[in-house]
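Colleague: Let me begin by handing over the structure; questions about it come next.
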Amino acid sequence: MQRPTSFQMDGRLTEKRRLNDRYVLLIFQLPIPLTQVQAGQFVQVKVDGSPHTLLRRPISICLLPKPDELWLLVQEVGEGTTTLCALEPGAIVNMLLPLGTGFTAPSLPSTCLLVGGGVGVAPMLMLGQKLAEAGHQVVFLLGGRTSTDLVMQEHFARYGKVYVTTEDGSLGEKGFVTQHSLLNEPHFDAVYTCGPKPMMKAVATFAAQHDITCQVSLENLMACGIGACLCCVEDTVDGHVCTCTEGPVFNTKRLKW
Ligand SMILES: Cc1cc2nc3c(=O)[nH]c(=O)nc-3n(C[C@H](O)[C@H](O)[C@H](O)COP(=O)(O)OP(=O)(O)OC[C@H]3O[C@@H](n4cnc5c(N)ncnc54)[C@H](O)[C@@H]3O)c2cc1C
Ligand code: FES
């Protein structure tokens with residue numbers, strides 16, 4: 001598959017929505033409209049004003065409502081993401097995008113299950129949008145440790161049915177996504193997932209047991225994001241490959257995890 005061209009550009013933060021104490025939605029105006037972006041691709045964001053954040057940080061493209069409007073959902077976990085979440089409208093942020101290889105849609109009209117955990121829900125929004133617009137039926141299954149981890153549900157609901165689980169039972173069914181009653185009668189043609197690795201492995205096992213094709217978006221640690229440093233390699237049936245260029249999206253049949 002031919003990969004779309006990537007650009008380096010300065011995005012201007014036009015809106016910041018603090019969703020709760022850990023998640024922020026950042027909305028950027030881009031100077032160049034992006035017309036060929038795949039759901040699952042990511043942005044390498046330069047974090048200015050953070051003395052220890054020397055490397056860019058990879059953040060999934062959450063949504064491109066317009067070709068020049070970029071939504072990033074950021075979870076504060078360390079200095080880089082906290083600095084990003086502290087930006088105020090008007091801030092200029094340098095970014096490389098779109099990077100990596102995104103999700104592939106089924107060729108026939110299909111029922112697609114999109115499973116997101118924690119901040120792994122971010123690429124699922126754009127994927128849901130693309131699949132729904134292509135005529136597929138979209139079902140979201142979103143999981144978090146507590147209700148605080150479940151953000152932007154109203155946006156997901158635009159593109160499909162939304163089911164949720166929390167480990168503490170504070171919202172939706174109690175437990176892990178793979179324990180949700182929705183999976184008792186699987187009627188899905190394709191499964192897509194992004195989140196913590198144990199969750200993705202469990203989702204992949206569920207899909208394999210029911211002979212459903214499954215694509216995962218890996219969140220390996222990355223440095224360069226462009227295939228130069230080899231710090232993000234993943235073992236696959238084709239050998240070790242860079243997650244940032246060959247992925248982050250993989251068909252689970254390729255992974256030796
Ligand atoms: C392809 C890809 C897409 C991503 N999309 C998003 C997104 O949409 N929104 C978002 O908030 N985050 C996303 N991440 C994770 C994000 O890149 C990291 O949380 C961020 O780089 C941490 O930087 P920091 O300086 O805040 O934290 P650091 O100080 O670098 O690290 C703080 C803690 O977070 C852990 N950490 C760092 N990177 C990761 C990672 N990739 N996965 C799990 N733990 C990590 C570290 O081990 C450490 O414990 C994505 C990562 C990848 C590879
Ligand atoms: S992050 Fe450098 S090669 Fe992937």
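As shown in the structure tokens, the chain order sets the letters A, B, ...; within each chain, residues go from 1, and ligands are also counted from 1 in the order they appear.
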Would you write out, as CSV, a table of all residues in chain A that have an atom no more than 6 Å from an atom of ligand 2, listing for each the closest atom pair and the distance in Å to one decimal, considering only C-alpha atoms and all ligand atoms and ordering rows by chain and rising residue number?
Modeller:
```
residue,atom,partner,partner_atom_place_in_ligand_line,distance
A:Met222,CA,ligand 2,1 (S),3.8
A:Ala223,CA,ligand 2,1 (S),4.3
A:Cys224,CA,ligand 2,2 (Fe),3.9
A:Gly225,CA,ligand 2,1 (S),3.9
A:Ile226,CA,ligand 2,2 (Fe),5.6
A:Gly227,CA,ligand 2,3 (S),3.4
A:Ala228,CA,ligand 2,3 (S),4.5
A:Cys229,CA,ligand 2,2 (Fe),3.8
A:Leu230,CA,ligand 2,3 (S),3.7
A:Cys231,CA,ligand 2,2 (Fe),5.3
A:Cys232,CA,ligand 2,4 (Fe),4.5
A:Cys242,CA,ligand 2,4 (Fe),5.0
A:Thr243,CA,ligand 2,4 (Fe),5.7
A:Cys244,CA,ligand 2,4 (Fe),4.4
```
Colleague: Got time to write the residues from that selection, N, CA and C atoms, as an mmCIF file, in the first residue's frame?
Modeller:
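Contents of the output file again00.cif:
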```
data_model
loop_
_atom_site.group_PDB
_atom_site.id
_atom_site.type_symbol
_atom_site.label_atom_id
_atom_site.label_comp_id
_atom_site.auth_asym_id
_atom_site.auth_seq_id
_atom_site.Cartn_x
_atom_site.Cartn_y
_atom_site.Cartn_z
ATOM 1 N N MET A 222 8.260 5.102 21.384
ATOM 2 C CA MET A 222 8.861 5.589 20.135
ATOM 3 C C MET A 222 9.754 6.783 20.421
ATOM 4 N N ALA A 223 10.772 6.931 19.567
ATOM 5 C CA ALA A 223 11.627 8.114 19.679
ATOM 6 C C ALA A 223 11.486 8.959 18.415
ATOM 7 N N CYS A 224 12.037 8.460 17.287
ATOM 8 C CA CYS A 224 12.022 9.295 16.076
ATOM 9 C C CYS A 224 10.658 9.307 15.380
ATOM 10 N N GLY A 225 9.987 8.161 15.370
ATOM 11 C CA GLY A 225 8.673 8.070 14.704
ATOM 12 C C GLY A 225 8.751 7.915 13.197
ATOM 13 N N ILE A 226 9.970 7.825 12.659
ATOM 14 C CA ILE A 226 10.105 7.767 11.196
ATOM 15 C C ILE A 226 11.027 6.643 10.731
ATOM 16 N N GLY A 227 11.245 5.646 11.575
ATOM 17 C CA GLY A 227 12.013 4.478 11.140
ATOM 18 C C GLY A 227 13.516 4.616 11.223
ATOM 19 N N ALA A 228 14.026 5.603 11.952
ATOM 20 C CA ALA A 228 15.466 5.841 11.973
ATOM 21 C C ALA A 228 16.178 5.280 13.202
ATOM 22 N N CYS A 229 15.492 5.139 14.337
ATOM 23 C CA CYS A 229 16.221 4.806 15.572
ATOM 24 C C CYS A 229 16.050 3.354 16.014
ATOM 25 N N LEU A 230 15.105 2.648 15.454
ATOM 26 C CA LEU A 230 14.839 1.226 15.736
ATOM 27 C C LEU A 230 14.441 0.955 17.186
ATOM 28 N N CYS A 231 13.949 1.943 17.895
ATOM 29 C CA CYS A 231 13.601 1.693 19.301
ATOM 30 C C CYS A 231 12.194 1.128 19.454
ATOM 31 N N CYS A 232 11.455 1.025 18.365
ATOM 32 C CA CYS A 232 10.040 0.651 18.487
ATOM 33 C C CYS A 232 9.742 -0.713 17.878
ATOM 34 N N CYS A 242 9.736 -1.981 12.374
ATOM 35 C CA CYS A 242 9.503 -0.751 13.134
ATOM 36 C C CYS A 242 8.004 -0.504 13.247
ATOM 37 N N THR A 243 7.556 -0.343 14.471
ATOM 38 C CA THR A 243 6.131 -0.061 14.690
ATOM 39 C C THR A 243 5.742 1.296 14.109
ATOM 40 N N CYS A 244 6.694 2.226 14.086
ATOM 41 C CA CYS A 244 6.329 3.577 13.652
ATOM 42 C C CYS A 244 6.118 3.678 12.145
#
```
Colleague: Tell me which protein, DNA and RNA residues are within 8 Å of region 95-112 of chain A, counting only C-alpha atoms, leaving out same-chain ones fewer than 4 positions away, and put them as a ChimeraX atom specification.
Modeller: /A:3-11,37-46,127,131,135-139,187-192,215,225-226,243-250
Colleague: Residues of the last selection are to be written out with C-alpha atoms, as an mmCIF file, in the first residue's frame.
Modeller:
```cif
data_model
loop_
_atom_site.group_PDB
_atom_site.id
_atom_site.type_symbol
_atom_site.label_atom_id
_atom_site.label_comp_id
_atom_site.auth_asym_id
_atom_site.auth_seq_id
_atom_site.Cartn_x
_atom_site.Cartn_y
_atom_site.Cartn_z
ATOM 1 C CA ARG A 3 1.806 5.524 2.207
ATOM 2 C CA PRO A 4 0.525 9.110 2.148
ATOM 3 C CA THR A 5 3.122 11.860 2.290
ATOM 4 C CA SER A 6 4.063 13.213 5.700
ATOM 5 C CA PHE A 7 4.552 16.879 6.475
ATOM 6 C CA GLN A 8 6.212 18.998 9.120
ATOM 7 C CA MET A 9 3.999 21.910 10.047
ATOM 8 C CA ASP A 10 3.014 24.312 12.804
ATOM 9 C CA GLY A 11 -0.477 23.745 14.139
ATOM 10 C CA VAL A 37 -5.122 10.491 6.302
ATOM 11 C CA GLN A 38 -5.919 6.979 7.513
ATOM 12 C CA ALA A 39 -7.506 6.336 10.886
ATOM 13 C CA GLY A 40 -4.786 4.877 13.119
ATOM 14 C CA GLN A 41 -2.026 7.159 11.852
ATOM 15 C CA PHE A 42 -0.297 9.391 14.359
ATOM 16 C CA VAL A 43 1.438 12.717 14.862
ATOM 17 C CA GLN A 44 4.905 13.312 16.301
ATOM 18 C CA VAL A 45 4.392 16.382 18.447
ATOM 19 C CA LYS A 46 7.258 18.666 19.454
ATOM 20 C CA LEU A 127 -11.870 4.850 12.638
ATOM 21 C CA LEU A 131 -16.166 3.008 8.792
ATOM 22 C CA GLY A 135 -21.478 2.117 5.141
ATOM 23 C CA HIS A 136 -20.249 -0.311 7.804
ATOM 24 C CA GLN A 137 -22.121 -0.901 11.028
ATOM 25 C CA VAL A 138 -19.995 0.281 13.939
ATOM 26 C CA VAL A 139 -20.132 -0.980 17.524
ATOM 27 C CA HIS A 187 -21.721 -11.362 15.348
ATOM 28 C CA PHE A 188 -18.852 -9.249 14.091
ATOM 29 C CA ASP A 189 -17.032 -9.425 10.763
ATOM 30 C CA ALA A 190 -14.019 -7.395 11.855
ATOM 31 C CA VAL A 191 -12.467 -6.362 15.153
ATOM 32 C CA TYR A 192 -10.213 -3.341 15.742
ATOM 33 C CA GLN A 215 -6.294 -5.297 13.646
ATOM 34 C CA GLY A 225 8.673 8.070 14.704
ATOM 35 C CA ILE A 226 10.105 7.767 11.196
ATOM 36 C CA THR A 243 6.131 -0.061 14.690
ATOM 37 C CA CYS A 244 6.329 3.577 13.652
ATOM 38 C CA THR A 245 6.546 2.842 9.932
ATOM 39 C CA GLU A 246 5.170 -0.715 9.441
ATOM 40 C CA GLY A 247 2.516 0.008 12.093
ATOM 41 C CA PRO A 248 1.296 1.127 14.510
ATOM 42 C CA VAL A 249 -1.587 -0.886 13.045
ATOM 43 C CA PHE A 250 -1.025 -4.606 12.448
#
```
Colleague: Here is a test: counting only C-alpha atoms and all ligand atoms, which residue of A:Thr35, A:Thr178, A:Asn220, A:Gln209 is nearest to ligand 1?
Modeller: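 Using only C-alpha atoms and all ligand atoms, the shortest distance to ligand 1 belongs to A:Asn220.
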Colleague: What separation in Å, quoted to one decimal, exists between CA of Thr83 (chain A) and CA of Leu142 (chain A)?
Modeller: 26.5 Å
Colleague: Can you tell me which residues sit at most 7 Å away from ligand 1, counting only C-alpha atoms and all ligand atoms, written as a ChimeraX atom specification?
Modeller: /A:42,53,57-62,72-82,119-120,122-123,218-222,244,248
Colleague: Would you mind exporting N, CA and C atoms of the selected residues as a PDB file, in the first residue's frame?
Modeller:
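Once written, part_11.pdb looks like this:
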```
ATOM      1  N   PHE A  42      -0.584   8.560  13.190  1.00  0.00           N
ATOM      2  CA  PHE A  42      -0.297   9.391  14.359  1.00  0.00           C
ATOM      3  C   PHE A  42       0.536  10.605  13.994  1.00  0.00           C
ATOM      4  N   THR A  53      11.852  17.033  27.880  1.00  0.00           N
ATOM      5  CA  THR A  53      11.181  16.343  26.773  1.00  0.00           C
ATOM      6  C   THR A  53      11.916  16.680  25.476  1.00  0.00           C
ATOM      7  N   ARG A  57       6.676  13.541  20.913  1.00  0.00           N
ATOM      8  CA  ARG A  57       5.798  12.545  21.519  1.00  0.00           C
ATOM      9  C   ARG A  57       4.757  12.072  20.496  1.00  0.00           C
ATOM     10  N   PRO A  58       4.594  10.733  20.355  1.00  0.00           N
ATOM     11  CA  PRO A  58       3.590  10.236  19.404  1.00  0.00           C
ATOM     12  C   PRO A  58       2.177  10.324  19.989  1.00  0.00           C
ATOM     13  N   ILE A  59       1.272  10.909  19.243  1.00  0.00           N
ATOM     14  CA  ILE A  59      -0.136  11.025  19.654  1.00  0.00           C
ATOM     15  C   ILE A  59      -1.003  10.638  18.444  1.00  0.00           C
ATOM     16  N   SER A  60      -1.979   9.781  18.675  1.00  0.00           N
ATOM     17  CA  SER A  60      -2.851   9.323  17.585  1.00  0.00           C
ATOM     18  C   SER A  60      -3.717  10.453  17.048  1.00  0.00           C
ATOM     19  N   ILE A  61      -4.011  10.372  15.781  1.00  0.00           N
ATOM     20  CA  ILE A  61      -5.001  11.294  15.225  1.00  0.00           C
ATOM     21  C   ILE A  61      -6.365  10.813  15.726  1.00  0.00           C
ATOM     22  N   CYS A  62      -7.008  11.659  16.501  1.00  0.00           N
ATOM     23  CA  CYS A  62      -8.293  11.275  17.102  1.00  0.00           C
ATOM     24  C   CYS A  62      -9.423  11.544  16.122  1.00  0.00           C
ATOM     25  N   LEU A  72      -6.596  16.044  18.908  1.00  0.00           N
ATOM     26  CA  LEU A  72      -5.726  15.120  19.641  1.00  0.00           C
ATOM     27  C   LEU A  72      -6.279  14.949  21.055  1.00  0.00           C
ATOM     28  N   LEU A  73      -6.438  13.708  21.458  1.00  0.00           N
ATOM     29  CA  LEU A  73      -6.866  13.423  22.833  1.00  0.00           C
ATOM     30  C   LEU A  73      -5.611  13.054  23.621  1.00  0.00           C
ATOM     31  N   VAL A  74      -5.309  13.819  24.645  1.00  0.00           N
ATOM     32  CA  VAL A  74      -4.057  13.603  25.369  1.00  0.00           C
ATOM     33  C   VAL A  74      -4.336  13.249  26.829  1.00  0.00           C
ATOM     34  N   GLN A  75      -3.673  12.185  27.258  1.00  0.00           N
ATOM     35  CA  GLN A  75      -3.747  11.777  28.670  1.00  0.00           C
ATOM     36  C   GLN A  75      -2.449  12.207  29.346  1.00  0.00           C
ATOM     37  N   GLU A  76      -2.562  12.896  30.457  1.00  0.00           N
ATOM     38  CA  GLU A  76      -1.364  13.333  31.177  1.00  0.00           C
ATOM     39  C   GLU A  76      -0.740  12.147  31.890  1.00  0.00           C
ATOM     40  N   VAL A  77       0.473  11.766  31.443  1.00  0.00           N
ATOM     41  CA  VAL A  77       1.173  10.675  32.139  1.00  0.00           C
ATOM     42  C   VAL A  77       2.571  11.083  32.580  1.00  0.00           C
ATOM     43  N   GLY A  78       3.126  12.116  31.987  1.00  0.00           N
ATOM     44  CA  GLY A  78       4.497  12.529  32.308  1.00  0.00           C
ATOM     45  C   GLY A  78       4.697  13.977  31.895  1.00  0.00           C
ATOM     46  N   GLU A  79       5.971  14.381  31.852  1.00  0.00           N
ATOM     47  CA  GLU A  79       6.252  15.805  31.621  1.00  0.00           C
ATOM     48  C   GLU A  79       5.778  16.289  30.248  1.00  0.00           C
ATOM     49  N   GLY A  80       6.020  15.473  29.220  1.00  0.00           N
ATOM     50  CA  GLY A  80       5.652  15.903  27.867  1.00  0.00           C
ATOM     51  C   GLY A  80       4.156  16.093  27.709  1.00  0.00           C
ATOM     52  N   THR A  81       3.400  15.104  28.112  1.00  0.00           N
ATOM     53  CA  THR A  81       1.945  15.198  27.933  1.00  0.00           C
ATOM     54  C   THR A  81       1.340  16.251  28.874  1.00  0.00           C
ATOM     55  N   THR A  82       1.931  16.419  30.051  1.00  0.00           N
ATOM     56  CA  THR A  82       1.422  17.455  30.969  1.00  0.00           C
ATOM     57  C   THR A  82       1.673  18.837  30.380  1.00  0.00           C
ATOM     58  N   VAL A 119      -6.535   5.643  26.968  1.00  0.00           N
ATOM     59  CA  VAL A 119      -6.361   6.640  25.910  1.00  0.00           C
ATOM     60  C   VAL A 119      -6.317   5.976  24.521  1.00  0.00           C
ATOM     61  N   GLY A 120      -6.313   4.654  24.514  1.00  0.00           N
ATOM     62  CA  GLY A 120      -6.405   3.896  23.250  1.00  0.00           C
ATOM     63  C   GLY A 120      -7.742   4.093  22.548  1.00  0.00           C
ATOM     64  N   ALA A 122      -8.581   6.899  21.515  1.00  0.00           N
ATOM     65  CA  ALA A 122      -8.390   8.053  20.621  1.00  0.00           C
ATOM     66  C   ALA A 122      -8.497   7.692  19.130  1.00  0.00           C
ATOM     67  N   PRO A 123      -7.723   6.719  18.623  1.00  0.00           N
ATOM     68  CA  PRO A 123      -7.828   6.448  17.176  1.00  0.00           C
ATOM     69  C   PRO A 123      -9.137   5.778  16.780  1.00  0.00           C
ATOM     70  N   LEU A 218      -0.572  -0.730  17.996  1.00  0.00           N
ATOM     71  CA  LEU A 218       0.381  -0.865  19.100  1.00  0.00           C
ATOM     72  C   LEU A 218       0.863   0.505  19.560  1.00  0.00           C
ATOM     73  N   GLU A 219       1.061   0.628  20.858  1.00  0.00           N
ATOM     74  CA  GLU A 219       1.580   1.900  21.395  1.00  0.00           C
ATOM     75  C   GLU A 219       2.966   1.671  21.977  1.00  0.00           C
ATOM     76  N   ASN A 220       3.857   1.065  21.181  1.00  0.00           N
ATOM     77  CA  ASN A 220       5.234   0.861  21.633  1.00  0.00           C
ATOM     78  C   ASN A 220       5.905   2.209  21.896  1.00  0.00           C
ATOM     79  N   LEU A 221       6.890   2.211  22.790  1.00  0.00           N
ATOM     80  CA  LEU A 221       7.640   3.441  23.013  1.00  0.00           C
ATOM     81  C   LEU A 221       8.315   3.840  21.711  1.00  0.00           C
ATOM     82  N   MET A 222       8.260   5.102  21.384  1.00  0.00           N
ATOM     83  CA  MET A 222       8.861   5.589  20.135  1.00  0.00           C
ATOM     84  C   MET A 222       9.754   6.783  20.421  1.00  0.00           C
ATOM     85  N   CYS A 244       6.694   2.226  14.086  1.00  0.00           N
ATOM     86  CA  CYS A 244       6.329   3.577  13.652  1.00  0.00           C
ATOM     87  C   CYS A 244       6.118   3.678  12.145  1.00  0.00           C
ATOM     88  N   PRO A 248       1.556   1.922  13.311  1.00  0.00           N
ATOM     89  CA  PRO A 248       1.296   1.127  14.510  1.00  0.00           C
ATOM     90  C   PRO A 248       0.212   0.060  14.349  1.00  0.00           C
TER      91      PRO A 248
END
```
Colleague: Using only C-alpha atoms, which of A:Gln36, A:Asn94, A:Thr193, A:Thr166 sits nearest Val121 (chain A)?
Modeller: A:Thr193
Colleague: What is the distance, in Å and to one decimal place, between CA of His180 (chain A) and CA of Val164 (chain A)?
Modeller: 8.2 Å
Colleague: Give me the residues near Ala157 (chain A) as a PDB file with N, CA and C atoms, in the first residue's frame, where near means some atom within 10 Å (using only C-alpha atoms) and where sequence neighbours in that chain fewer than 2 positions away do not count.
Modeller:
```
ATOM      1  N   LEU A 125     -12.068   6.810  17.405  1.00  0.00           N
ATOM      2  CA  LEU A 125     -13.098   7.772  16.990  1.00  0.00           C
ATOM      3  C   LEU A 125     -13.025   8.011  15.478  1.00  0.00           C
ATOM      4  N   GLY A 128     -14.089   4.891  13.647  1.00  0.00           N
ATOM      5  CA  GLY A 128     -15.543   4.747  13.637  1.00  0.00           C
ATOM      6  C   GLY A 128     -16.178   5.659  12.603  1.00  0.00           C
ATOM      7  N   VAL A 138     -21.067   0.110  12.952  1.00  0.00           N
ATOM      8  CA  VAL A 138     -19.995   0.281  13.939  1.00  0.00           C
ATOM      9  C   VAL A 138     -20.530   0.063  15.357  1.00  0.00           C
ATOM     10  N   VAL A 139     -19.809  -0.764  16.108  1.00  0.00           N
ATOM     11  CA  VAL A 139     -20.132  -0.980  17.524  1.00  0.00           C
ATOM     12  C   VAL A 139     -18.862  -0.676  18.317  1.00  0.00           C
ATOM     13  N   PHE A 140     -18.964   0.261  19.261  1.00  0.00           N
ATOM     14  CA  PHE A 140     -17.809   0.590  20.103  1.00  0.00           C
ATOM     15  C   PHE A 140     -17.934  -0.133  21.439  1.00  0.00           C
ATOM     16  N   MET A 152     -15.460  11.353  25.930  1.00  0.00           N
ATOM     17  CA  MET A 152     -15.943  11.629  24.570  1.00  0.00           C
ATOM     18  C   MET A 152     -17.004  10.646  24.077  1.00  0.00           C
ATOM     19  N   GLN A 153     -17.752  10.072  24.998  1.00  0.00           N
ATOM     20  CA  GLN A 153     -18.749   9.079  24.559  1.00  0.00           C
ATOM     21  C   GLN A 153     -19.776   9.657  23.600  1.00  0.00           C
ATOM     22  N   GLU A 154     -20.106  10.945  23.803  1.00  0.00           N
ATOM     23  CA  GLU A 154     -21.109  11.559  22.924  1.00  0.00           C
ATOM     24  C   GLU A 154     -20.597  11.637  21.484  1.00  0.00           C
ATOM     25  N   HIS A 155     -19.267  11.740  21.325  1.00  0.00           N
ATOM     26  CA  HIS A 155     -18.698  11.780  19.972  1.00  0.00           C
ATOM     27  C   HIS A 155     -18.728  10.384  19.341  1.00  0.00           C
ATOM     28  N   TYR A 159     -21.317   7.764  15.602  1.00  0.00           N
ATOM     29  CA  TYR A 159     -20.924   6.834  14.530  1.00  0.00           C
ATOM     30  C   TYR A 159     -21.343   5.393  14.785  1.00  0.00           C
ATOM     31  N   GLY A 160     -21.823   5.091  15.988  1.00  0.00           N
ATOM     32  CA  GLY A 160     -22.230   3.711  16.252  1.00  0.00           C
ATOM     33  C   GLY A 160     -22.745   3.558  17.664  1.00  0.00           C
ATOM     34  N   LYS A 161     -23.146   2.328  17.992  1.00  0.00           N
ATOM     35  CA  LYS A 161     -23.603   2.041  19.357  1.00  0.00           C
ATOM     36  C   LYS A 161     -22.405   1.996  20.290  1.00  0.00           C
ATOM     37  N   VAL A 162     -22.567   2.478  21.496  1.00  0.00           N
ATOM     38  CA  VAL A 162     -21.444   2.526  22.432  1.00  0.00           C
ATOM     39  C   VAL A 162     -21.757   1.670  23.661  1.00  0.00           C
ATOM     40  N   TYR A 163     -20.866   0.737  23.966  1.00  0.00           N
ATOM     41  CA  TYR A 163     -20.959  -0.065  25.189  1.00  0.00           C
ATOM     42  C   TYR A 163     -19.703   0.213  26.012  1.00  0.00           C
TER      43      TYR A 163
END
```
Colleague: What is the CA of Gly117 (chain A)-CA of Met199 (chain A) distance in Å, reported with one decimal?
Modeller: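 Calculated distance between CA of Gly117 (chain A) and CA of Met199 (chain A) is 7.4 Å.
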